[in-house]
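*Asks:* What follows is query.cif, made up of mmCIF, N, CA and C atoms and all ligand atoms:
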data_structure
#
loop_
_atom_site.label_atom_id
_atom_site.label_comp_id
_atom_site.auth_asym_id
_atom_site.auth_seq_id
_atom_site.Cartn_x
_atom_site.Cartn_y
_atom_site.Cartn_z
N MET A 1 10.25 5.43 -6.52
CA MET A 1 10.02 3.99 -6.61
C MET A 1 9.20 3.67 -7.85
N THR A 2 9.79 3.00 -8.77
CA THR A 2 9.04 2.62 -9.95
C THR A 2 8.96 1.10 -10.08
N ALA A 3 10.06 0.42 -9.85
CA ALA A 3 10.10 -1.02 -10.06
C ALA A 3 9.62 -1.80 -8.85
N SER A 4 9.28 -1.08 -7.76
CA SER A 4 8.99 -1.78 -6.52
C SER A 4 7.81 -2.73 -6.65
N HIS A 5 6.88 -2.41 -7.53
CA HIS A 5 5.73 -3.28 -7.65
C HIS A 5 6.06 -4.60 -8.33
N LEU A 6 7.28 -4.72 -8.81
CA LEU A 6 7.71 -5.98 -9.39
C LEU A 6 8.38 -6.87 -8.35
N THR A 7 8.70 -6.28 -7.21
CA THR A 7 9.26 -7.08 -6.13
C THR A 7 8.18 -8.00 -5.58
N PRO A 8 8.47 -9.27 -5.44
CA PRO A 8 7.43 -10.15 -4.87
C PRO A 8 7.04 -9.67 -3.48
N ALA A 9 5.76 -9.76 -3.19
CA ALA A 9 5.28 -9.33 -1.87
C ALA A 9 5.84 -10.25 -0.80
N LEU A 10 6.13 -9.65 0.32
CA LEU A 10 6.66 -10.38 1.46
C LEU A 10 5.65 -10.19 2.58
N PRO A 11 4.66 -11.08 2.65
CA PRO A 11 3.56 -10.82 3.58
C PRO A 11 3.97 -11.04 5.03
N VAL A 12 3.69 -10.06 5.86
CA VAL A 12 3.89 -10.20 7.30
C VAL A 12 2.63 -9.74 7.99
N SER A 13 2.36 -10.30 9.16
CA SER A 13 1.12 -9.97 9.84
C SER A 13 1.36 -9.34 11.20
N ASP A 14 2.59 -9.38 11.67
CA ASP A 14 2.86 -8.76 12.97
C ASP A 14 4.31 -8.25 13.02
N MET A 15 4.61 -7.55 14.11
CA MET A 15 5.92 -6.93 14.24
C MET A 15 7.04 -7.96 14.22
N ASP A 16 6.84 -9.10 14.88
CA ASP A 16 7.91 -10.10 14.95
C ASP A 16 8.29 -10.60 13.56
N SER A 17 7.29 -10.90 12.73
CA SER A 17 7.62 -11.41 11.40
C SER A 17 8.20 -10.30 10.53
N ALA A 18 7.77 -9.06 10.75
CA ALA A 18 8.34 -7.94 9.99
C ALA A 18 9.81 -7.75 10.35
N LEU A 19 10.11 -7.80 11.64
CA LEU A 19 11.50 -7.62 12.08
C LEU A 19 12.37 -8.79 11.62
N ALA A 20 11.80 -9.98 11.63
CA ALA A 20 12.54 -11.15 11.15
C ALA A 20 12.88 -10.98 9.67
N ALA A 21 11.94 -10.43 8.90
CA ALA A 21 12.18 -10.21 7.48
C ALA A 21 13.30 -9.20 7.27
N LEU A 22 13.33 -8.16 8.08
CA LEU A 22 14.41 -7.17 7.98
C LEU A 22 15.75 -7.81 8.31
N ARG A 23 15.78 -8.55 9.41
CA ARG A 23 17.03 -9.19 9.83
C ARG A 23 17.55 -10.14 8.76
N SER A 24 16.64 -10.91 8.17
CA SER A 24 17.08 -11.92 7.20
C SER A 24 17.68 -11.25 5.97
N ARG A 25 17.37 -9.97 5.75
CA ARG A 25 17.96 -9.25 4.63
C ARG A 25 19.11 -8.36 5.06
N GLY A 26 19.52 -8.53 6.29
CA GLY A 26 20.68 -7.77 6.78
C GLY A 26 20.36 -6.30 6.99
N LEU A 27 19.07 -5.96 7.12
CA LEU A 27 18.70 -4.55 7.32
C LEU A 27 18.66 -4.21 8.80
N ARG A 28 19.12 -3.03 9.10
CA ARG A 28 19.18 -2.56 10.45
C ARG A 28 17.76 -2.28 10.97
N ILE A 29 17.55 -2.56 12.26
CA ILE A 29 16.25 -2.26 12.84
C ILE A 29 16.40 -1.02 13.70
N SER A 30 16.26 0.14 13.06
CA SER A 30 16.37 1.40 13.79
C SER A 30 15.02 1.70 14.44
N ALA A 31 15.05 2.61 15.41
CA ALA A 31 13.79 3.01 16.06
C ALA A 31 12.83 3.61 15.03
N ALA A 32 13.38 4.40 14.09
CA ALA A 32 12.53 5.05 13.09
C ALA A 32 11.87 4.01 12.19
N ARG A 33 12.64 3.01 11.83
CA ARG A 33 12.11 1.96 10.94
C ARG A 33 11.03 1.15 11.65
N ARG A 34 11.29 0.87 12.92
CA ARG A 34 10.32 0.13 13.72
C ARG A 34 9.01 0.91 13.86
N LEU A 35 9.14 2.22 14.00
CA LEU A 35 7.95 3.06 14.17
C LEU A 35 7.11 3.09 12.88
N VAL A 36 7.78 3.10 11.73
CA VAL A 36 7.06 3.05 10.45
C VAL A 36 6.27 1.73 10.38
N LEU A 37 6.91 0.64 10.76
CA LEU A 37 6.22 -0.66 10.75
C LEU A 37 5.05 -0.66 11.72
N GLU A 38 5.27 -0.09 12.90
CA GLU A 38 4.19 -0.02 13.90
C GLU A 38 3.00 0.75 13.35
N SER A 39 3.28 1.85 12.66
CA SER A 39 2.20 2.66 12.09
C SER A 39 1.43 1.87 11.06
N LEU A 40 2.16 1.16 10.19
CA LEU A 40 1.48 0.40 9.15
C LEU A 40 0.65 -0.74 9.74
N LEU A 41 1.16 -1.32 10.83
CA LEU A 41 0.40 -2.39 11.49
C LEU A 41 -0.84 -1.82 12.17
N ALA A 42 -0.73 -0.59 12.66
CA ALA A 42 -1.85 0.01 13.40
C ALA A 42 -2.91 0.60 12.48
N ALA A 43 -2.51 1.01 11.29
CA ALA A 43 -3.45 1.67 10.38
C ALA A 43 -4.40 0.63 9.78
N ASP A 44 -5.68 0.98 9.67
CA ASP A 44 -6.59 -0.02 9.09
C ASP A 44 -6.85 0.20 7.61
N SER A 45 -6.25 1.25 7.03
CA SER A 45 -6.30 1.40 5.58
C SER A 45 -4.99 2.06 5.16
N PRO A 46 -4.69 2.09 3.87
CA PRO A 46 -3.41 2.67 3.45
C PRO A 46 -3.26 4.13 3.91
N VAL A 47 -2.08 4.48 4.40
CA VAL A 47 -1.84 5.81 4.96
C VAL A 47 -0.71 6.53 4.21
N THR A 48 -0.73 7.86 4.28
CA THR A 48 0.33 8.64 3.65
C THR A 48 1.55 8.70 4.57
N ALA A 49 2.69 9.05 3.98
CA ALA A 49 3.90 9.23 4.78
C ALA A 49 3.69 10.34 5.81
N GLU A 50 2.93 11.37 5.42
CA GLU A 50 2.63 12.48 6.34
C GLU A 50 1.87 11.97 7.57
N GLN A 51 0.90 11.10 7.34
CA GLN A 51 0.13 10.57 8.47
C GLN A 51 1.02 9.75 9.41
N ILE A 52 1.97 9.01 8.81
CA ILE A 52 2.90 8.23 9.63
C ILE A 52 3.79 9.16 10.44
N ALA A 53 4.33 10.19 9.76
CA ALA A 53 5.21 11.15 10.44
C ALA A 53 4.45 11.87 11.56
N ASP A 54 3.16 12.02 11.36
CA ASP A 54 2.31 12.70 12.33
C ASP A 54 1.87 11.76 13.46
N GLY A 55 2.35 10.51 13.43
CA GLY A 55 1.98 9.55 14.47
C GLY A 55 0.53 9.12 14.40
N LEU A 56 0.00 9.07 13.18
CA LEU A 56 -1.41 8.68 12.96
C LEU A 56 -2.35 9.49 13.85
N GLY A 57 -2.17 10.77 13.81
CA GLY A 57 -3.06 11.65 14.56
C GLY A 57 -2.90 11.52 16.07
N GLY A 58 -1.70 11.22 16.53
CA GLY A 58 -1.45 11.19 17.97
C GLY A 58 -1.46 9.80 18.59
N ARG A 59 -1.77 8.78 17.79
CA ARG A 59 -1.80 7.43 18.35
C ARG A 59 -0.40 6.90 18.61
N LEU A 60 0.58 7.42 17.84
CA LEU A 60 1.96 6.95 17.96
C LEU A 60 2.88 8.18 18.01
N PRO A 61 4.13 7.98 18.43
CA PRO A 61 5.06 9.12 18.43
C PRO A 61 5.25 9.69 17.03
N ARG A 62 5.52 10.98 16.95
CA ARG A 62 5.76 11.61 15.66
C ARG A 62 7.18 11.30 15.20
N SER A 63 7.39 11.37 13.88
CA SER A 63 8.76 11.16 13.39
C SER A 63 9.04 12.08 12.22
N ASP A 64 10.29 12.07 11.81
CA ASP A 64 10.75 12.95 10.75
C ASP A 64 10.25 12.46 9.39
N LEU A 65 9.63 13.36 8.62
CA LEU A 65 9.00 12.97 7.36
C LEU A 65 10.00 12.38 6.36
N ALA A 66 11.17 13.00 6.25
CA ALA A 66 12.15 12.50 5.28
C ALA A 66 12.58 11.08 5.63
N SER A 67 12.73 10.82 6.92
CA SER A 67 13.14 9.47 7.32
C SER A 67 12.00 8.48 7.12
N VAL A 68 10.76 8.93 7.29
CA VAL A 68 9.62 8.05 7.01
C VAL A 68 9.65 7.64 5.53
N TYR A 69 9.85 8.61 4.65
CA TYR A 69 9.91 8.31 3.21
C TYR A 69 11.05 7.33 2.90
N ARG A 70 12.22 7.58 3.48
CA ARG A 70 13.37 6.69 3.22
C ARG A 70 13.06 5.27 3.69
N ASN A 71 12.47 5.16 4.87
CA ASN A 71 12.17 3.83 5.39
C ASN A 71 11.08 3.13 4.59
N LEU A 72 10.08 3.90 4.15
CA LEU A 72 9.04 3.30 3.31
C LEU A 72 9.65 2.76 2.02
N ASP A 73 10.57 3.55 1.44
CA ASP A 73 11.24 3.10 0.20
C ASP A 73 11.97 1.78 0.43
N THR A 74 12.72 1.72 1.52
CA THR A 74 13.48 0.51 1.83
C THR A 74 12.55 -0.68 2.03
N LEU A 75 11.48 -0.46 2.79
CA LEU A 75 10.54 -1.55 3.08
C LEU A 75 9.82 -2.00 1.81
N GLU A 76 9.62 -1.03 0.92
CA GLU A 76 8.95 -1.38 -0.33
C GLU A 76 9.89 -2.17 -1.25
N GLU A 77 11.16 -1.78 -1.23
CA GLU A 77 12.14 -2.49 -2.06
C GLU A 77 12.22 -3.97 -1.73
N ILE A 78 12.04 -4.32 -0.46
CA ILE A 78 12.13 -5.74 -0.11
C ILE A 78 10.76 -6.42 -0.14
N GLY A 79 9.72 -5.68 -0.50
CA GLY A 79 8.41 -6.30 -0.69
C GLY A 79 7.51 -6.29 0.54
N LEU A 80 7.97 -5.64 1.62
CA LEU A 80 7.15 -5.61 2.84
C LEU A 80 6.00 -4.62 2.73
N VAL A 81 6.20 -3.61 1.89
CA VAL A 81 5.25 -2.50 1.82
C VAL A 81 4.85 -2.27 0.36
N ARG A 82 3.61 -1.83 0.17
CA ARG A 82 3.12 -1.44 -1.15
C ARG A 82 2.53 -0.05 -1.05
N HIS A 83 2.50 0.68 -2.17
CA HIS A 83 1.77 1.95 -2.13
C HIS A 83 0.76 2.01 -3.27
N VAL A 84 -0.26 2.83 -3.04
CA VAL A 84 -1.33 2.98 -4.02
C VAL A 84 -1.57 4.49 -4.18
N HIS A 85 -1.92 4.90 -5.41
CA HIS A 85 -2.18 6.32 -5.67
C HIS A 85 -3.67 6.56 -5.71
N LEU A 86 -4.13 7.51 -4.91
CA LEU A 86 -5.55 7.85 -4.91
C LEU A 86 -5.70 9.26 -5.43
N GLY A 87 -6.13 9.38 -6.66
CA GLY A 87 -6.34 10.71 -7.23
C GLY A 87 -5.09 11.55 -7.19
N HIS A 88 -5.26 12.83 -6.83
CA HIS A 88 -4.15 13.77 -6.91
C HIS A 88 -3.30 13.78 -5.65
N GLY A 89 -3.74 13.11 -4.62
CA GLY A 89 -3.03 13.16 -3.34
C GLY A 89 -1.74 12.37 -3.37
N PRO A 90 -0.97 12.44 -2.28
CA PRO A 90 0.26 11.66 -2.17
C PRO A 90 -0.05 10.17 -2.11
N GLY A 91 0.95 9.33 -2.42
CA GLY A 91 0.77 7.89 -2.36
C GLY A 91 0.41 7.45 -0.95
N ARG A 92 -0.29 6.34 -0.85
CA ARG A 92 -0.63 5.78 0.45
C ARG A 92 -0.02 4.40 0.59
N TYR A 93 0.49 4.15 1.78
CA TYR A 93 1.28 2.95 2.01
C TYR A 93 0.56 1.95 2.91
N ALA A 94 0.79 0.68 2.62
CA ALA A 94 0.22 -0.39 3.45
C ALA A 94 1.21 -1.55 3.45
N LEU A 95 1.11 -2.37 4.47
CA LEU A 95 1.90 -3.60 4.49
C LEU A 95 1.41 -4.50 3.37
N ALA A 96 2.33 -5.20 2.74
CA ALA A 96 1.93 -6.22 1.78
C ALA A 96 1.39 -7.38 2.60
N SER A 97 0.12 -7.29 2.93
CA SER A 97 -0.47 -8.25 3.87
C SER A 97 -0.63 -9.61 3.20
N ALA A 98 -1.13 -10.56 3.97
CA ALA A 98 -1.35 -11.89 3.40
C ALA A 98 -2.29 -11.75 2.21
N GLY A 99 -1.79 -11.94 1.03
CA GLY A 99 -2.59 -11.76 -0.17
C GLY A 99 -2.53 -10.33 -0.66
N GLU A 100 -2.38 -10.16 -1.95
CA GLU A 100 -2.32 -8.83 -2.55
C GLU A 100 -3.71 -8.21 -2.52
N ARG A 101 -3.75 -6.89 -2.58
CA ARG A 101 -5.00 -6.16 -2.64
C ARG A 101 -5.02 -5.28 -3.88
N GLU A 102 -6.20 -5.16 -4.47
CA GLU A 102 -6.39 -4.17 -5.51
C GLU A 102 -7.48 -3.23 -5.00
N TYR A 103 -7.61 -2.07 -5.65
CA TYR A 103 -8.45 -1.03 -5.07
C TYR A 103 -9.42 -0.41 -6.06
N LEU A 104 -10.56 0.02 -5.49
CA LEU A 104 -11.52 0.86 -6.21
C LEU A 104 -11.60 2.16 -5.41
N VAL A 105 -11.59 3.28 -6.09
CA VAL A 105 -11.69 4.54 -5.35
C VAL A 105 -12.76 5.41 -5.97
N CYS A 106 -13.53 6.09 -5.10
CA CYS A 106 -14.59 6.97 -5.59
C CYS A 106 -14.01 8.35 -5.88
N ASP A 107 -14.26 8.80 -7.10
CA ASP A 107 -13.74 10.08 -7.57
C ASP A 107 -14.43 11.25 -6.86
N ARG A 108 -15.61 11.02 -6.30
CA ARG A 108 -16.35 12.13 -5.69
C ARG A 108 -16.10 12.23 -4.19
N CYS A 109 -16.29 11.12 -3.45
CA CYS A 109 -16.16 11.20 -1.99
C CYS A 109 -14.84 10.63 -1.50
N GLY A 110 -14.08 10.00 -2.39
CA GLY A 110 -12.75 9.54 -2.01
C GLY A 110 -12.72 8.21 -1.27
N VAL A 111 -13.87 7.57 -1.11
CA VAL A 111 -13.87 6.31 -0.38
C VAL A 111 -13.05 5.26 -1.14
N LEU A 112 -12.29 4.48 -0.36
CA LEU A 112 -11.39 3.49 -0.96
C LEU A 112 -11.87 2.11 -0.57
N ARG A 113 -11.99 1.25 -1.54
CA ARG A 113 -12.40 -0.13 -1.23
C ARG A 113 -11.30 -1.07 -1.68
N ALA A 114 -10.82 -1.89 -0.75
CA ALA A 114 -9.81 -2.89 -1.08
C ALA A 114 -10.51 -4.19 -1.44
N VAL A 115 -10.10 -4.81 -2.51
CA VAL A 115 -10.71 -6.07 -2.91
C VAL A 115 -9.61 -7.09 -3.20
N GLU A 116 -9.97 -8.34 -3.13
CA GLU A 116 -9.00 -9.38 -3.49
C GLU A 116 -8.90 -9.43 -5.01
N PRO A 117 -7.68 -9.59 -5.52
CA PRO A 117 -7.50 -9.57 -6.97
C PRO A 117 -8.44 -10.51 -7.73
N ARG A 118 -8.76 -11.66 -7.13
CA ARG A 118 -9.62 -12.59 -7.88
C ARG A 118 -11.00 -11.99 -8.15
N GLU A 119 -11.41 -11.01 -7.29
CA GLU A 119 -12.71 -10.37 -7.51
C GLU A 119 -12.71 -9.52 -8.78
N LEU A 120 -11.53 -9.18 -9.27
CA LEU A 120 -11.44 -8.37 -10.49
C LEU A 120 -10.95 -9.19 -11.68
N ASP A 121 -10.85 -10.49 -11.49
CA ASP A 121 -10.35 -11.34 -12.58
C ASP A 121 -11.28 -11.32 -13.80
N GLY A 122 -12.59 -11.14 -13.56
CA GLY A 122 -13.53 -11.05 -14.68
C GLY A 122 -13.23 -9.83 -15.54
N VAL A 123 -13.00 -8.69 -14.88
CA VAL A 123 -12.65 -7.45 -15.57
C VAL A 123 -11.34 -7.64 -16.34
N ARG A 124 -10.39 -8.26 -15.66
CA ARG A 124 -9.08 -8.50 -16.27
C ARG A 124 -9.22 -9.35 -17.53
N ALA A 125 -10.06 -10.39 -17.44
CA ALA A 125 -10.23 -11.29 -18.58
C ALA A 125 -10.83 -10.54 -19.76
N GLN A 126 -11.79 -9.64 -19.49
CA GLN A 126 -12.40 -8.87 -20.58
C GLN A 126 -11.39 -7.94 -21.24
N LEU A 127 -10.57 -7.29 -20.44
CA LEU A 127 -9.57 -6.37 -20.98
C LEU A 127 -8.53 -7.14 -21.79
N ARG A 128 -8.18 -8.32 -21.29
CA ARG A 128 -7.20 -9.14 -21.99
C ARG A 128 -7.76 -9.57 -23.35
N ALA A 129 -9.04 -9.99 -23.35
CA ALA A 129 -9.65 -10.46 -24.59
C ALA A 129 -9.80 -9.31 -25.59
N ALA A 130 -10.19 -8.14 -25.11
CA ALA A 130 -10.46 -7.02 -26.01
C ALA A 130 -9.20 -6.32 -26.48
N PHE A 131 -8.22 -6.19 -25.59
CA PHE A 131 -7.05 -5.35 -25.92
C PHE A 131 -5.72 -6.06 -25.77
N GLY A 132 -5.74 -7.30 -25.33
CA GLY A 132 -4.48 -8.00 -25.09
C GLY A 132 -3.71 -7.35 -23.94
N PHE A 133 -4.45 -6.70 -23.06
CA PHE A 133 -3.83 -5.91 -22.00
C PHE A 133 -4.05 -6.59 -20.66
N GLU A 134 -2.96 -6.73 -19.91
CA GLU A 134 -3.04 -7.35 -18.59
C GLU A 134 -3.15 -6.25 -17.54
N ALA A 135 -4.36 -5.99 -17.07
CA ALA A 135 -4.58 -4.86 -16.16
C ALA A 135 -4.32 -5.24 -14.71
N ARG A 136 -3.76 -4.30 -13.97
CA ARG A 136 -3.57 -4.47 -12.53
C ARG A 136 -4.04 -3.21 -11.83
N PHE A 137 -4.64 -3.40 -10.69
CA PHE A 137 -5.26 -2.26 -10.00
C PHE A 137 -4.73 -2.11 -8.58
N GLU A 138 -3.51 -2.56 -8.33
CA GLU A 138 -2.96 -2.46 -6.98
C GLU A 138 -2.19 -1.14 -6.80
N HIS A 139 -1.62 -0.63 -7.88
CA HIS A 139 -0.79 0.57 -7.81
C HIS A 139 -1.63 1.80 -8.14
N PHE A 140 -2.42 1.71 -9.20
CA PHE A 140 -3.40 2.73 -9.54
C PHE A 140 -4.77 2.05 -9.54
N PRO A 141 -5.66 2.49 -8.65
CA PRO A 141 -6.95 1.81 -8.54
C PRO A 141 -7.89 2.11 -9.69
N ILE A 142 -8.97 1.38 -9.74
CA ILE A 142 -10.07 1.71 -10.64
C ILE A 142 -10.77 2.92 -10.04
N VAL A 143 -10.93 3.96 -10.85
CA VAL A 143 -11.56 5.19 -10.38
C VAL A 143 -12.96 5.30 -10.96
N GLY A 144 -13.92 5.68 -10.15
CA GLY A 144 -15.28 5.84 -10.62
C GLY A 144 -16.16 6.40 -9.52
N LEU A 145 -17.42 6.01 -9.49
CA LEU A 145 -18.32 6.49 -8.44
C LEU A 145 -18.75 5.31 -7.58
N CYS A 146 -18.71 5.51 -6.26
CA CYS A 146 -19.17 4.46 -5.35
C CYS A 146 -20.70 4.38 -5.43
N ALA A 147 -21.26 3.37 -4.80
CA ALA A 147 -22.71 3.15 -4.89
C ALA A 147 -23.48 4.36 -4.36
N ASN A 148 -22.98 4.99 -3.27
CA ASN A 148 -23.67 6.15 -2.71
C ASN A 148 -23.66 7.34 -3.65
N CYS A 149 -22.49 7.62 -4.23
CA CYS A 149 -22.36 8.81 -5.08
C CYS A 149 -23.04 8.60 -6.44
N ARG A 150 -23.18 7.37 -6.85
CA ARG A 150 -23.78 7.07 -8.13
C ARG A 150 -25.27 7.42 -8.12
N ASP A 151 -25.91 7.21 -6.96
CA ASP A 151 -27.37 7.42 -6.89
C ASP A 151 -27.74 8.91 -6.80
ZN ZN A 201 -18.42 8.16 -3.34
ZN ZN A 202 3.59 4.73 -7.37
#
Using structure tokens, write down the structure that the file contains.
Ligand SMILES: [Zn+2]
Ligand SMILES: [Zn+2]

*Replies:*
Amino acid sequence: MTASHLTPALPVSDMDSALAALRSRGLRISAARRLVLESLLAADSPVTAEQIADGLGGRLPRSDLASVYRNLDTLEEIGLVRHVHLGHGPGRYALASAGEREYLVCDRCGVLRAVEPRELDGVRAQLRAAFGFEARFEHFPIVGLCANCRD
């Protein structure tokens, strides 16, 4: 998935609106696809495909990893899902919730902080002024040290 971040986000907040979005695009609602959505709704931070296949550590039924990846790709193509890269690990997936999120990640302890894009608009404005560069931090977060690790 490379162009998926150019797909407009399709914010959904519950299973009914997610399923309605699938139906409106003529996409089949398979049990596997529904389970991926359930996992994303249940997770409180972005999760890996492995965690979804693992049923979020036993909270949900387990599923086949390859099918989880395929379904995440499909959901991402229509804008329901976004992924973010944290360091060297696999991508982590989240629903494109109401409002986009950008991320800060600690290089030492791995803590991930989601922020609203407007909170980073000052940084964006400085980068634009200095380099003519329009920075986005939703796909690759800002990496550095969190307040705890900095001290
Ligand atoms: Zn830290
Ligand atoms: Zn990516």

*Asks:* Taking (1.2, 11.7, 1.8) in the coordinates of the supplied file, I want to know which residues reach to within 7 Å of it, counting all atoms listed in the file; could you give the answer as a PyMOL selection string?

*Replies:* chain A and resi 47-51+89-92

*Asks:* Contacts of Asp64 (chain A) at 8 Å or less, counting all atoms listed in the file, minus same-chain residues fewer than 6 places along, as a list in words?

*Replies:*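 What passes the distance filter is Ala32, Ala49, Ile52, Ala53, Asp54 and Arg70 of chain A.
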
*Asks:* Go ahead and write the selection's residues with N, CA and C atoms as a PDB file, in the frame of the given file.

*Replies:*
ATOM      1  N   ALA A  32      13.380   4.400  14.090  1.00  0.00           N
ATOM      2  CA  ALA A  32      12.530   5.050  13.090  1.00  0.00           C
ATOM      3  C   ALA A  32      11.870   4.010  12.190  1.00  0.00           C
ATOM      4  N   ALA A  49       2.690   9.050   3.980  1.00  0.00           N
ATOM      5  CA  ALA A  49       3.900   9.230   4.780  1.00  0.00           C
ATOM      6  C   ALA A  49       3.690  10.340   5.810  1.00  0.00           C
ATOM      7  N   ILE A  52       1.970   9.010   8.810  1.00  0.00           N
ATOM      8  CA  ILE A  52       2.900   8.230   9.630  1.00  0.00           C
ATOM      9  C   ILE A  52       3.790   9.160  10.440  1.00  0.00           C
ATOM     10  N   ALA A  53       4.330  10.190   9.760  1.00  0.00           N
ATOM     11  CA  ALA A  53       5.210  11.150  10.440  1.00  0.00           C
ATOM     12  C   ALA A  53       4.450  11.870  11.560  1.00  0.00           C
ATOM     13  N   ASP A  54       3.160  12.020  11.360  1.00  0.00           N
ATOM     14  CA  ASP A  54       2.310  12.700  12.330  1.00  0.00           C
ATOM     15  C   ASP A  54       1.870  11.760  13.460  1.00  0.00           C
ATOM     16  N   ARG A  70      12.220   7.580   3.480  1.00  0.00           N
ATOM     17  CA  ARG A  70      13.370   6.690   3.220  1.00  0.00           C
ATOM     18  C   ARG A  70      13.060   5.270   3.690  1.00  0.00           C
TER      19      ARG A  70
END

*Asks:* Could you jot down the CA of Val36 (chain A) to CA of Gly57 (chain A) separation for me, Å, one decimal place?

*Replies:*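 Going from CA of Val36 (chain A) over to CA of Gly57 (chain A), I get 13.9 Å.
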
*Asks:* Per residue of chain A within 8 Å of ligand ZN 201 (chain A), note the shortest atom pair and the distance in Å to one decimal, counting only C-alpha atoms and all ligand atoms, and order the rows by chain and increasing residue number, as a tab-separated table.

*Replies:*
residue	atom	partner	partner_atom	distance
A:Val105	CA	A:ZN201	ZN	7.9
A:Cys106	CA	A:ZN201	ZN	4.6
A:Asp107	CA	A:ZN201	ZN	6.6
A:Arg108	CA	A:ZN201	ZN	5.1
A:Cys109	CA	A:ZN201	ZN	4.0
A:Gly110	CA	A:ZN201	ZN	6.0
A:Val111	CA	A:ZN201	ZN	5.7
A:Leu145	CA	A:ZN201	ZN	5.4
A:Cys146	CA	A:ZN201	ZN	4.3
A:Ala147	CA	A:ZN201	ZN	6.8
A:Asn148	CA	A:ZN201	ZN	5.7
A:Cys149	CA	A:ZN201	ZN	4.4
A:Arg150	CA	A:ZN201	ZN	7.3

*Asks:* Okay, now the selection with N, CA and C atoms, as a compact mmCIF listing (two decimals), in the coordinates of the input?

*Replies:*
# COMPACT_ATOMS: atom_id res chain seq x y z
N VAL A 105 -11.59 3.28 -6.09
CA VAL A 105 -11.69 4.54 -5.35
C VAL A 105 -12.76 5.41 -5.97
N CYS A 106 -13.53 6.09 -5.10
CA CYS A 106 -14.59 6.97 -5.59
C CYS A 106 -14.01 8.35 -5.88
N ASP A 107 -14.26 8.80 -7.10
CA ASP A 107 -13.74 10.08 -7.57
C ASP A 107 -14.43 11.25 -6.86
N ARG A 108 -15.61 11.02 -6.30
CA ARG A 108 -16.35 12.13 -5.69
C ARG A 108 -16.10 12.23 -4.19
N CYS A 109 -16.29 11.12 -3.45
CA CYS A 109 -16.16 11.20 -1.99
C CYS A 109 -14.84 10.63 -1.50
N GLY A 110 -14.08 10.00 -2.39
CA GLY A 110 -12.75 9.54 -2.01
C GLY A 110 -12.72 8.21 -1.27
N VAL A 111 -13.87 7.57 -1.11
CA VAL A 111 -13.87 6.31 -0.38
C VAL A 111 -13.05 5.26 -1.14
N LEU A 145 -17.42 6.01 -9.49
CA LEU A 145 -18.32 6.49 -8.44
C LEU A 145 -18.75 5.31 -7.58
N CYS A 146 -18.71 5.51 -6.26
CA CYS A 146 -19.17 4.46 -5.35
C CYS A 146 -20.70 4.38 -5.43
N ALA A 147 -21.26 3.37 -4.80
CA ALA A 147 -22.71 3.15 -4.89
C ALA A 147 -23.48 4.36 -4.36
N ASN A 148 -22.98 4.99 -3.27
CA ASN A 148 -23.67 6.15 -2.71
C ASN A 148 -23.66 7.34 -3.65
N CYS A 149 -22.49 7.62 -4.23
CA CYS A 149 -22.36 8.81 -5.08
C CYS A 149 -23.04 8.60 -6.44
N ARG A 150 -23.18 7.37 -6.85
CA ARG A 150 -23.78 7.07 -8.13
C ARG A 150 -25.27 7.42 -8.12

*Asks:* Under the rule that only C-alpha atoms are counted, which of A:Ala18, A:Ala129, A:Leu112, A:Ala96 is the nearest residue to Arg33 (chain A)?

*Replies:*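 The shortest atom-to-atom distance to Arg33 (chain A) comes from A:Ala18.
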
*Asks:* Pick out the closest residue to Pro11 (chain A) from this set: A:Val81, A:Ile29, A:Leu37, A:Ala42. Count only N, CA and C atoms.

*Replies:*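 Result for the nearest residue to Pro11 (chain A): A:Val81.
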
*Asks:* Kindly indicate which residue among A:Val143, A:Arg25, A:Leu41, A:Tyr69 lies nearest to Leu56 (chain A), using only C-alpha atoms for the distances.

*Replies:*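 That would be A:Leu41, the residue with the smallest distance to Leu56 (chain A).
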
*Asks:* Quick one: of A:Leu72, A:Val123, A:Val115, A:Val84, who's nearest to ligand ZN 202 (chain A), counting all atoms listed in the file?

*Replies:*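 So, comparing all the options, the nearest one is A:Val84.
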
*Asks:* Taking only N, CA and C atoms and all ligand atoms into account, name the residue in A:His88, A:Phe140, A:Arg113, A:Asp14 that is nearest to ligand ZN 202 (chain A).

*Replies:*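 Between A:His88, A:Phe140, A:Arg113, A:Asp14, the residue approaching ligand ZN 202 (chain A) most closely is A:Phe140.
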
*Asks:* Separation of atom N of Phe131 (chain A) and atom N of Asp151 (chain A), in Å?

*Replies:* 29.0 Å

*Asks:* Padding 5 Å on each side, edges along x, y and z: where is the centre of the box around the listed atoms of region 17-22 of chain A, and how long are its edges in Å to one decimal? Output it as JSON.

*Replies:*
{"center_x": 11.5, "center_y": -9.3, "center_z": 10.0, "size_x": 18.5, "size_y": 14.2, "size_z": 15.5}

*Asks:* What is the CA of Glu100 (chain A) to CA of Glu116 (chain A) distance in Å?

*Replies:*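 Taking CA of Glu100 (chain A) as the start and CA of Glu116 (chain A) as the end point, the length is 6.8 Å.
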